[in-house]
Structure formats: C-alpha cells, structure tokens
>>> print(open('model.cif').read())   # mmCIF, C-alpha atoms
data_my_file
#
loop_
_atom_site.label_atom_id
_atom_site.label_comp_id
_atom_site.auth_asym_id
_atom_site.auth_seq_id
_atom_site.Cartn_x
_atom_site.Cartn_y
_atom_site.Cartn_z
CA MET A 1 8.08 -17.90 -2.48
CA ARG A 2 5.57 -15.19 -3.34
CA ALA A 3 6.40 -11.58 -2.55
CA ASN A 4 3.43 -11.14 -0.24
CA THR A 5 4.28 -14.04 2.08
CA ILE A 6 6.85 -12.09 4.13
CA ARG A 7 6.50 -8.56 5.53
CA LEU A 8 9.35 -6.87 7.36
CA PHE A 9 9.43 -3.65 9.37
CA VAL A 10 12.55 -1.52 8.91
CA GLU A 11 13.63 1.41 11.07
CA ASN A 12 15.23 3.50 8.31
CA PRO A 13 13.03 5.64 6.03
CA ILE A 14 12.40 3.92 2.71
CA GLU A 15 12.09 5.22 -0.85
CA ALA A 16 12.44 3.82 -4.36
CA GLY A 17 15.93 2.73 -5.29
CA CYS A 18 17.48 2.82 -1.83
CA ASP A 19 19.26 -0.10 -0.16
CA ILE A 20 18.69 -1.04 3.45
CA ALA A 21 21.07 -3.20 5.47
CA CYS A 22 19.24 -5.87 7.46
CA THR A 23 19.90 -6.26 11.15
CA ARG A 24 21.50 -9.48 12.34
CA ALA A 25 18.12 -10.79 13.52
CA GLN A 26 16.45 -9.89 10.22
CA ALA A 27 19.25 -11.48 8.20
CA ASN A 28 19.04 -14.67 10.26
CA TYR A 29 15.27 -14.79 9.74
CA LEU A 30 15.44 -14.22 5.98
CA LEU A 31 18.50 -16.33 5.19
CA ASN A 32 18.37 -19.17 7.71
CA VAL A 33 14.76 -19.45 8.85
CA MET A 34 13.00 -18.62 5.58
CA ARG A 35 15.98 -19.74 3.44
CA LEU A 36 15.65 -16.94 0.89
CA GLY A 37 18.28 -16.44 -1.78
CA ASP A 38 19.49 -13.57 -3.95
CA GLY A 39 16.66 -11.81 -5.73
CA ALA A 40 13.89 -13.12 -3.49
CA GLU A 41 11.17 -10.51 -3.04
CA ILE A 42 9.47 -9.51 0.18
CA LEU A 43 7.36 -6.59 1.39
CA VAL A 44 8.79 -3.94 3.70
CA PHE A 45 7.37 -0.95 5.57
CA ASP A 46 8.73 1.71 7.91
CA GLY A 47 5.48 2.91 9.48
CA ARG A 48 5.63 6.24 7.60
CA ASN A 49 6.00 5.68 3.85
CA GLY A 50 3.64 2.86 2.97
CA GLU A 51 4.50 -0.67 1.92
CA TRP A 52 7.16 -1.51 -0.67
CA ARG A 53 8.32 -4.43 -2.74
CA ALA A 54 11.99 -5.18 -2.12
CA SER A 55 14.53 -7.69 -3.42
CA LEU A 56 17.06 -9.42 -1.22
CA ALA A 57 20.80 -9.23 -1.88
CA ARG A 58 23.03 -11.61 0.08
CA GLN A 59 26.46 -10.23 1.00
CA LYS A 60 27.85 -12.93 3.26
CA ARG A 61 26.65 -16.08 4.93
CA SER A 62 24.91 -14.12 7.68
CA GLU A 63 24.49 -10.68 6.09
CA CYS A 64 22.06 -9.30 3.53
CA SER A 65 20.43 -6.09 2.37
CA LEU A 66 17.16 -5.11 0.73
CA HIS A 67 16.83 -3.10 -2.48
CA LEU A 68 13.60 -1.08 -2.63
CA LEU A 69 11.75 -1.51 -5.94
CA GLU A 70 8.30 0.09 -5.85
CA GLN A 71 5.54 1.11 -3.51
CA VAL A 72 2.61 -1.29 -3.46
CA ARG A 73 0.46 0.42 -0.80
CA PRO A 74 0.41 4.08 0.29
CA GLN A 75 0.62 4.96 3.95
CA ASN A 76 -2.66 5.21 5.84
CA THR A 77 -3.20 6.89 9.17
CA GLY A 78 -5.82 4.72 10.82
CA PRO A 79 -8.09 5.79 13.70
CA ASP A 80 -6.72 8.25 16.26
CA ILE A 81 -7.25 6.00 19.27
CA HIS A 82 -4.89 5.64 22.23
CA TYR A 83 -5.05 2.50 24.33
CA LEU A 84 -4.53 3.10 28.07
CA PHE A 85 -4.35 0.00 30.24
CA ALA A 86 -3.37 -1.29 33.64
CA PRO A 87 -0.57 -3.83 32.97
CA VAL A 88 -1.24 -7.54 33.49
CA LYS A 89 1.11 -10.53 33.61
CA ARG A 90 3.55 -10.99 30.76
CA THR A 91 1.84 -13.53 28.48
CA ARG A 92 -1.51 -11.75 28.60
CA LEU A 93 0.20 -8.38 28.21
CA ASP A 94 1.83 -9.63 25.01
CA PHE A 95 -1.61 -10.69 23.76
CA MET A 96 -3.19 -7.33 24.63
CA VAL A 97 -0.47 -5.37 22.86
CA GLN A 98 -0.68 -7.51 19.74
CA LYS A 99 -4.47 -7.31 19.50
CA ALA A 100 -4.53 -3.56 20.11
CA THR A 101 -2.05 -3.14 17.24
CA GLU A 102 -4.22 -5.28 14.96
CA LEU A 103 -7.23 -3.13 15.91
CA GLY A 104 -5.42 -0.03 14.68
CA VAL A 105 -4.52 1.97 17.79
CA ALA A 106 -2.15 4.89 17.35
CA ALA A 107 -0.48 4.60 20.76
CA LEU A 108 -0.28 2.38 23.84
CA CYS A 109 0.33 3.57 27.39
CA PRO A 110 0.60 1.42 30.54
CA VAL A 111 -1.27 3.09 33.42
CA MET A 112 -0.46 2.25 37.03
CA THR A 113 -3.54 2.17 39.26
CA ARG A 114 -3.89 1.34 42.93
CA ARG A 115 -4.91 -2.22 42.16
CA THR A 116 -2.45 -2.90 39.36
CA ASP A 117 -0.71 -6.23 40.02
CA ALA A 118 2.10 -6.08 37.43
CA GLN A 119 4.34 -3.24 38.56
CA ARG A 120 7.10 -3.77 35.99
CA VAL A 121 6.60 -3.27 32.26
CA LYS A 122 9.26 -3.96 29.65
CA ILE A 123 8.75 -1.26 27.03
CA GLU A 124 11.14 -2.89 24.55
CA ARG A 125 9.18 -6.13 24.76
CA MET A 126 5.96 -4.20 24.12
CA ARG A 127 7.50 -2.56 21.07
CA ALA A 128 8.73 -5.93 19.77
CA ASN A 129 5.18 -7.29 20.07
CA VAL A 130 3.80 -4.23 18.27
CA ILE A 131 6.20 -4.76 15.35
CA GLU A 132 5.54 -8.50 15.16
CA ALA A 133 1.78 -7.96 15.09
CA ALA A 134 2.09 -5.28 12.40
CA GLU A 135 4.32 -7.49 10.25
CA GLN A 136 1.95 -10.45 10.46
CA CYS A 137 -1.35 -8.64 10.00
CA GLY A 138 -0.72 -6.14 7.22
CA VAL A 139 -0.73 -3.09 9.49
CA LEU A 140 1.24 -0.13 8.09
CA ARG A 141 1.31 2.11 11.15
CA ILE A 142 3.49 1.25 14.14
CA PRO A 143 1.76 2.46 17.32
CA GLN A 144 3.80 4.64 19.64
CA VAL A 145 4.63 2.97 22.97
CA PHE A 146 4.70 5.29 25.98
CA GLU A 147 6.45 4.79 29.30
CA PRO A 148 4.23 3.73 32.24
CA VAL A 149 2.47 6.54 34.11
CA SER A 150 0.29 6.65 37.21
CA LEU A 151 -3.42 7.23 36.69
CA ASP A 152 -3.25 10.44 38.75
CA MET A 153 -0.44 11.90 36.64
CA LEU A 154 -2.15 10.81 33.42
CA LEU A 155 -5.37 12.62 34.30
CA GLU A 156 -3.63 15.73 35.61
CA GLY A 157 -1.84 16.29 32.30
CA TRP A 158 -4.60 15.08 30.00
CA ASP A 159 -5.68 17.09 26.96
CA PRO A 160 -9.49 17.21 27.23
CA ALA A 161 -9.75 17.37 23.42
CA ARG A 162 -8.98 13.62 23.44
CA ARG A 163 -12.05 12.03 25.02
CA ILE A 164 -11.44 9.01 27.25
CA ILE A 165 -13.78 6.06 26.88
CA TYR A 166 -13.78 4.43 30.29
CA CYS A 167 -15.09 0.88 30.78
CA ASP A 168 -17.38 1.04 33.82
CA GLU A 169 -19.69 -1.77 34.98
CA GLU A 170 -21.95 0.88 36.54
CA ALA A 171 -22.19 3.16 33.50
CA PRO A 172 -25.50 5.07 33.46
CA VAL A 173 -26.31 3.94 29.89
CA SER A 174 -26.52 0.15 29.65
CA SER A 175 -25.91 -0.03 25.89
CA PRO A 176 -22.34 0.89 24.88
CA LEU A 177 -23.57 1.68 21.36
CA GLU A 178 -26.05 4.23 22.68
CA ALA A 179 -23.38 5.75 24.92
CA LEU A 180 -20.96 6.19 22.01
CA LYS A 181 -23.34 7.42 19.30
CA PRO A 182 -23.78 11.00 20.60
CA LEU A 183 -20.03 11.65 20.69
CA ASP A 184 -18.38 13.78 18.02
CA PRO A 185 -15.66 12.17 15.87
CA GLY A 186 -12.21 13.07 17.04
CA PRO A 187 -9.25 11.75 18.96
CA PHE A 188 -10.13 9.15 21.58
CA ALA A 189 -8.52 7.00 24.23
CA VAL A 190 -9.82 3.73 25.66
CA LEU A 191 -9.04 3.17 29.34
CA ILE A 192 -9.08 -0.38 30.72
CA GLY A 193 -8.58 -0.86 34.45
CA PRO A 194 -6.85 -3.64 36.41
CA GLU A 195 -8.30 -7.10 37.08
CA GLY A 196 -9.76 -5.95 40.40
CA GLY A 197 -11.17 -2.77 38.87
CA PHE A 198 -10.46 0.81 39.84
CA ASP A 199 -10.81 1.59 43.53
CA ALA A 200 -13.65 3.80 44.76
CA GLU A 201 -11.61 7.01 44.75
CA GLU A 202 -10.33 6.41 41.20
CA GLN A 203 -13.84 5.63 39.98
CA SER A 204 -15.22 8.77 41.61
CA ARG A 205 -12.57 10.94 39.97
CA LEU A 206 -13.11 9.44 36.52
CA ARG A 207 -16.88 9.89 36.70
CA LYS A 208 -16.53 13.59 37.53
CA LEU A 209 -14.34 14.48 34.54
CA SER A 210 -16.13 16.11 31.61
CA PHE A 211 -13.86 14.49 29.03
CA VAL A 212 -14.54 10.94 30.26
CA THR A 213 -17.40 8.85 28.87
CA PRO A 214 -18.23 5.65 30.79
CA ILE A 215 -19.49 2.67 28.82
CA SER A 216 -20.77 -0.71 29.92
CA LEU A 217 -19.53 -3.92 28.30
CA GLY A 218 -22.64 -5.90 29.16
CA PRO A 219 -23.73 -8.24 31.93
CA ARG A 220 -20.63 -10.45 32.00
CA VAL A 221 -17.44 -9.64 33.87
CA MET A 222 -14.50 -9.72 31.43
CA ARG A 223 -10.81 -10.10 31.97
CA ALA A 224 -8.77 -7.02 31.09
CA ASP A 225 -7.50 -8.40 27.76
CA THR A 226 -11.02 -9.41 26.66
CA ALA A 227 -12.43 -6.02 27.72
CA ALA A 228 -9.76 -4.26 25.65
CA ILE A 229 -10.73 -6.10 22.47
CA ALA A 230 -14.44 -5.50 23.11
CA ALA A 231 -14.04 -1.77 23.81
CA LEU A 232 -11.68 -1.09 20.91
CA SER A 233 -13.97 -2.99 18.54
CA LEU A 234 -17.02 -1.00 19.68
CA LEU A 235 -15.21 2.32 19.27
CA ASN A 236 -13.95 1.38 15.79
CA ALA A 237 -17.43 0.30 14.74
CA VAL A 238 -19.22 3.44 15.98
CA LEU A 239 -16.65 6.21 15.66
CA GLY A 240 -13.52 4.70 14.08
CA ASP A 241 -12.64 3.38 10.64
CA TRP A 242 -15.06 0.43 10.55
CA ARG A 243 -18.00 2.63 9.59
#
>>> encode(input="model.cif", output="structure tokens")
Amino acid sequence: MRANTIRLFVENPIEAGCDIACTRAQANYLLNVMRLGDGAEILVFDGRNGEWRASLARQKRSECSLHLLEQVRPQNTGPDIHYLFAPVKRTRLDFMVQKATELGVAALCPVMTRRTDAQRVKIERMRANVIEAAEQCGVLRIPQVFEPVSLDMLLEGWDPARRIIYCDEEAPVSSPLEALKPLDPGPFAVLIGPEGGFDAEEQSRLRKLSFVTPISLGPRVMRADTAAIAALSLLNAVLGDWR
C-alpha cells in the first residue's frame, strides 16, 4: 500500500523521530480494517505541524505505534473564516460539518435562533466529523468546534473586526459577487439561518449592524446545507484563498 493512501490525525504534537502510540480505534483501523503490517507507511498530521510520513510498528495483536520519519507538507493556515449555523437534523448536520471543513473554515459554531428545529447538538460528533473530513480530503488544519450559543448572545459579544456575511433573500444587492467585492480582506464569518429563516426581529437586528453584510444566493430557495456550501464557496472565491 502506498504511503499516501492513508492519512491519520493524531492529538499529540509531532516532530521528526518521535513515536506516537495509536488509540484503540486507530490501531483497530490500521491493523484489522486496513491490515497493515510492521513498516507500513502512512501520512499523519496534528493540525499544527504539517503532514508527516510515518512507519507503523506493531506491538501486540491490537496495539501499534507510529514512528515519525519526515515532514512532507508544511502547515498552512487557510482562510480565516468562521462558519455560524442554525443546527439541522443529524444526518444533514454531519454533511454540513464535513463540507465546511473541506472548504477550509477555521471554526464552526452552532447558533440557536428562534426557528431552530434541532435543539440538541453533539459537539463530540461534530468534532469526529471534522477529523474524518480532514483525514479524507488532505486538509491540514482542524477547525475549532465551539459550543452552541444563542443568536442574541453571539451578536452581543461579537468582535466587529470579524465581518459577518449573512445570507438574506432580501439583500439590497442582487449579485453576491458585487456585494462581496467592496469588502476589505480580513477575518470573516458566514451566518446561515434555520430552515424557516430568521424571524422578523432577528432579521431587523442583523440588518442594522454595521459589521454585517447581507448577500443574496440567487432566485432559488436553498436548504441550509446547500446555502452553506454556496456561501462559503463565494467567499473563498472573492476574498478567501481561491483567488
């Protein structure tokens, strides 16, 4: 098996020459699912120190470690974009988290609005989906996962230096590209509302804030997970690292 066919995220900081003990789940995956033996090479990353080539050493039937050999890719930072979203049902939430990770967000934060249907969010499940997406798609940075917060509390404590891009069907500029072009590069956040949209009071508050820029996503009504992909793609293309 080629070294680049398996990527594994490890919690401990990595550097040349160090050995990392695999967790039980990682050992089961490498030894029993992928059936790797002593000396097999994989790629590992810790979200901070780039990507490394590592060789597997089997200790017991169900235990193994990884010996770090050399760095093959330096760490990159990616765009400084936070993804703020009203939670949806579990399967679609998994999809949203995975796609946001693939699109390079730096952080994810569930936001509870007045029309949010899913009131419970499993943060550990979100983090597991973040790691899985990063492992499968070559991403080096692991986005931070924040605890859920109400929209009111989020806005009250918001740093205005991080502009919020708010998806609004009634945005004054019909073209999202034209709405984004005048903005200065810098930290951003993309805010996606619930399936039923923000209520009138929430919309009114968002539209009055100087650090919020509303954008339209066109003439079609999108589900929340589709809107997230569209908005994050637009922001990456105009102001992110797709330029």
>>> closest_residue(input="model.cif", among="A:Gly78, A:Gly193, A:Gly47, A:Pro143", to="Leu108 in chain A", atoms="only C-alpha atoms")
A:Pro143
>>> resolve_selection(input="model.cif", expression="the PyMOL selection byres ((chain A and resi 207-210) around 10)", output="ChimeraX atom specification")
/A:155,160,163-164,166,168,171,202-206,211-214
>>> write_last_selection(input="model.cif", atoms="C-alpha atoms", output="JSON list (two decimals), keeping the file's coordinate frame")
[["chain", "number", "residue", "atom", "x", "y", "z"],
["A", 155, "LEU", "CA", -5.37, 12.62, 34.30],
["A", 160, "PRO", "CA", -9.49, 17.21, 27.23],
["A", 163, "ARG", "CA", -12.05, 12.03, 25.02],
["A", 164, "ILE", "CA", -11.44, 9.01, 27.25],
["A", 166, "TYR", "CA", -13.78, 4.43, 30.29],
["A", 168, "ASP", "CA", -17.38, 1.04, 33.82],
["A", 171, "ALA", "CA", -22.19, 3.16, 33.50],
["A", 202, "GLU", "CA", -10.33, 6.41, 41.20],
["A", 203, "GLN", "CA", -13.84, 5.63, 39.98],
["A", 204, "SER", "CA", -15.22, 8.77, 41.61],
["A", 205, "ARG", "CA", -12.57, 10.94, 39.97],
["A", 206, "LEU", "CA", -13.11, 9.44, 36.52],
["A", 211, "PHE", "CA", -13.86, 14.49, 29.03],
["A", 212, "VAL", "CA", -14.54, 10.94, 30.26],
["A", 213, "THR", "CA", -17.40, 8.85, 28.87],
["A", 214, "PRO", "CA", -18.23, 5.65, 30.79]]
>>> resolve_selection(input="model.cif", expression="the PyMOL selection byres ((chain A and resi 122-138) around 8)", output="number ranges by chain")
A: 7-9, 94, 97-99, 101-102, 120-121, 139-143, 145-147
>>> closest_residue(input="model.cif", among="A:Arg115, A:Arg243, A:Arg58, A:His82", to="Pro187 in chain A", atoms="all atoms listed in the file")
A:His82
>>> residues_around(input="model.cif", residues="range 59-65 of chain A", least_positions_apart="5", cutoff="6 Å", atoms="only C-alpha atoms", output="VMD selection string")
chain A and resid 20 to 22 27
>>> resolve_selection(input="model.cif", expression="the PyMOL selection byres ((chain A and resi 232) around 9)", output="list of chain:residue names")
A:Ile81, A:Tyr83, A:Ala100, A:Leu103, A:Gly104, A:Val105, A:Val190, A:Ala227, A:Ala228, A:Ile229, A:Ala230, A:Ala231, A:Ser233, A:Leu234, A:Leu235, A:Asn236, A:Ala237
>>> write_last_selection(input="model.cif", atoms="C-alpha atoms", output="mmCIF file, keeping the file's coordinate frame")
data_model
loop_
_atom_site.group_PDB
_atom_site.id
_atom_site.type_symbol
_atom_site.label_atom_id
_atom_site.label_comp_id
_atom_site.auth_asym_id
_atom_site.auth_seq_id
_atom_site.Cartn_x
_atom_site.Cartn_y
_atom_site.Cartn_z
ATOM 1 C CA ILE A 81 -7.250 6.000 19.270
ATOM 2 C CA TYR A 83 -5.050 2.500 24.330
ATOM 3 C CA ALA A 100 -4.530 -3.560 20.110
ATOM 4 C CA LEU A 103 -7.230 -3.130 15.910
ATOM 5 C CA GLY A 104 -5.420 -0.030 14.680
ATOM 6 C CA VAL A 105 -4.520 1.970 17.790
ATOM 7 C CA VAL A 190 -9.820 3.730 25.660
ATOM 8 C CA ALA A 227 -12.430 -6.020 27.720
ATOM 9 C CA ALA A 228 -9.760 -4.260 25.650
ATOM 10 C CA ILE A 229 -10.730 -6.100 22.470
ATOM 11 C CA ALA A 230 -14.440 -5.500 23.110
ATOM 12 C CA ALA A 231 -14.040 -1.770 23.810
ATOM 13 C CA SER A 233 -13.970 -2.990 18.540
ATOM 14 C CA LEU A 234 -17.020 -1.000 19.680
ATOM 15 C CA LEU A 235 -15.210 2.320 19.270
ATOM 16 C CA ASN A 236 -13.950 1.380 15.790
ATOM 17 C CA ALA A 237 -17.430 0.300 14.740
#
>>> atom_distance(input="model.cif", atom1="CA of Ala224 in chain A", atom2="CA of Glu169 in chain A")
12.7 Å
>>> atom_distance(input="model.cif", atom1="CA of Leu180 in chain A", atom2="CA of Trp158 in chain A")
20.3 Å
>>> closest_residue(input="model.cif", among="A:Leu151, A:Leu69, A:Leu239, A:Cys167", to="Leu183 in chain A", atoms="all atoms listed in the file")
A:Leu239
>>> closest_residue(input="model.cif", among="A:Ala200, A:Ala16, A:Leu217, A:Ile165", to="Arg114 in chain A", atoms="only C-alpha atoms")
A:Ala200
>>> closest_residue(input="model.cif", among="A:Ala25, A:Met153, A:Val72, A:Val173", to="Ile42 in chain A", atoms="all atoms listed in the file")
A:Val72
>>> atom_distance(input="model.cif", atom1="CA of Ala106 in chain A", atom2="CA of Pro176 in chain A")
21.9 Å
>>> residues_around(input="model.cif", residues="Glu41 in chain A", least_positions_apart="2", cutoff="10 Å", atoms="all atoms listed in the file", output="PDB file with C-alpha atoms, in the frame of the given file")
ATOM      1  CA  MET A   1       8.080 -17.900  -2.480  1.00  0.00           C
ATOM      2  CA  ARG A   2       5.570 -15.190  -3.340  1.00  0.00           C
ATOM      3  CA  ALA A   3       6.400 -11.580  -2.550  1.00  0.00           C
ATOM      4  CA  ASN A   4       3.430 -11.140  -0.240  1.00  0.00           C
ATOM      5  CA  THR A   5       4.280 -14.040   2.080  1.00  0.00           C
ATOM      6  CA  ILE A   6       6.850 -12.090   4.130  1.00  0.00           C
ATOM      7  CA  ARG A   7       6.500  -8.560   5.530  1.00  0.00           C
ATOM      8  CA  LEU A  36      15.650 -16.940   0.890  1.00  0.00           C
ATOM      9  CA  GLY A  37      18.280 -16.440  -1.780  1.00  0.00           C
ATOM     10  CA  ASP A  38      19.490 -13.570  -3.950  1.00  0.00           C
ATOM     11  CA  GLY A  39      16.660 -11.810  -5.730  1.00  0.00           C
ATOM     12  CA  LEU A  43       7.360  -6.590   1.390  1.00  0.00           C
ATOM     13  CA  VAL A  44       8.790  -3.940   3.700  1.00  0.00           C
ATOM     14  CA  ARG A  53       8.320  -4.430  -2.740  1.00  0.00           C
ATOM     15  CA  ALA A  54      11.990  -5.180  -2.120  1.00  0.00           C
ATOM     16  CA  SER A  55      14.530  -7.690  -3.420  1.00  0.00           C
ATOM     17  CA  LEU A  56      17.060  -9.420  -1.220  1.00  0.00           C
ATOM     18  CA  ALA A  57      20.800  -9.230  -1.880  1.00  0.00           C
ATOM     19  CA  LEU A  66      17.160  -5.110   0.730  1.00  0.00           C
ATOM     20  CA  HIS A  67      16.830  -3.100  -2.480  1.00  0.00           C
ATOM     21  CA  LEU A  68      13.600  -1.080  -2.630  1.00  0.00           C
ATOM     22  CA  LEU A  69      11.750  -1.510  -5.940  1.00  0.00           C
TER      23      LEU A  69
END
>>> closest_residue(input="model.cif", among="A:Ser174, A:Lys89, A:Asp117, A:Phe188", to="Arg162 in chain A", atoms="only C-alpha atoms")
A:Phe188
>>> axis_aligned_box(input="model.cif", around="range 22-32 of chain A", padding_each_side="6 Å", output="AutoDock Vina command-line options")
--center_x 18.4 --center_y -12.5 --center_z 9.4 --size_x 18.2 --size_y 25.3 --size_z 20.3
>>> residues_around(input="model.cif", residues="Leu154 in chain A", least_positions_apart="3", cutoff="10 Å", atoms="all atoms listed in the file", output="list in words")
Leu84, Cys109, Val111, Met112, Pro148, Val149, Ser150, Leu151, Gly157, Trp158 and Asp159 of chain A
>>> decode(input="model.cif", residues="range 142-176 of chain A", atoms="C-alpha atoms", output="PDB file, in the first residue's frame")
ATOM      1  CA  ILE A 142      -8.575  21.041  12.158  1.00  0.00           C
ATOM      2  CA  PRO A 143     -11.325  23.650  12.608  1.00  0.00           C
ATOM      3  CA  GLN A 144     -12.188  24.621  16.159  1.00  0.00           C
ATOM      4  CA  VAL A 145     -15.664  23.500  17.251  1.00  0.00           C
ATOM      5  CA  PHE A 146     -17.486  25.884  19.588  1.00  0.00           C
ATOM      6  CA  GLU A 147     -20.332  25.134  21.970  1.00  0.00           C
ATOM      7  CA  PRO A 148     -23.824  26.210  20.823  1.00  0.00           C
ATOM      8  CA  VAL A 149     -24.781  29.821  21.545  1.00  0.00           C
ATOM      9  CA  SER A 150     -27.964  31.828  21.064  1.00  0.00           C
ATOM     10  CA  LEU A 151     -28.006  34.367  18.247  1.00  0.00           C
ATOM     11  CA  ASP A 152     -28.605  37.186  20.745  1.00  0.00           C
ATOM     12  CA  MET A 153     -25.586  36.237  22.868  1.00  0.00           C
ATOM     13  CA  LEU A 154     -23.428  35.749  19.770  1.00  0.00           C
ATOM     14  CA  LEU A 155     -24.167  39.236  18.470  1.00  0.00           C
ATOM     15  CA  GLU A 156     -23.818  40.911  21.870  1.00  0.00           C
ATOM     16  CA  GLY A 157     -20.262  39.620  22.294  1.00  0.00           C
ATOM     17  CA  TRP A 158     -19.192  39.837  18.659  1.00  0.00           C
ATOM     18  CA  ASP A 159     -15.889  41.426  17.654  1.00  0.00           C
ATOM     19  CA  PRO A 160     -16.833  43.824  14.825  1.00  0.00           C
ATOM     20  CA  ALA A 161     -13.388  43.338  13.263  1.00  0.00           C
ATOM     21  CA  ARG A 162     -14.684  39.954  12.019  1.00  0.00           C
ATOM     22  CA  ARG A 163     -17.325  40.841   9.439  1.00  0.00           C
ATOM     23  CA  ILE A 164     -20.376  38.569   9.270  1.00  0.00           C
ATOM     24  CA  ILE A 165     -21.625  37.574   5.834  1.00  0.00           C
ATOM     25  CA  TYR A 166     -25.335  36.991   6.330  1.00  0.00           C
ATOM     26  CA  CYS A 167     -27.390  35.100   3.739  1.00  0.00           C
ATOM     27  CA  ASP A 168     -30.524  37.187   3.179  1.00  0.00           C
ATOM     28  CA  GLU A 169     -33.098  36.590   0.429  1.00  0.00           C
ATOM     29  CA  GLU A 170     -33.939  40.310   0.551  1.00  0.00           C
ATOM     30  CA  ALA A 171     -30.361  41.613   0.332  1.00  0.00           C
ATOM     31  CA  PRO A 172     -30.243  45.057  -1.329  1.00  0.00           C
ATOM     32  CA  VAL A 173     -27.612  43.927  -3.872  1.00  0.00           C
ATOM     33  CA  SER A 174     -28.888  41.043  -6.002  1.00  0.00           C
ATOM     34  CA  SER A 175     -25.443  39.780  -7.035  1.00  0.00           C
ATOM     35  CA  PRO A 176     -23.478  38.186  -4.167  1.00  0.00           C
TER      36      PRO A 176
END
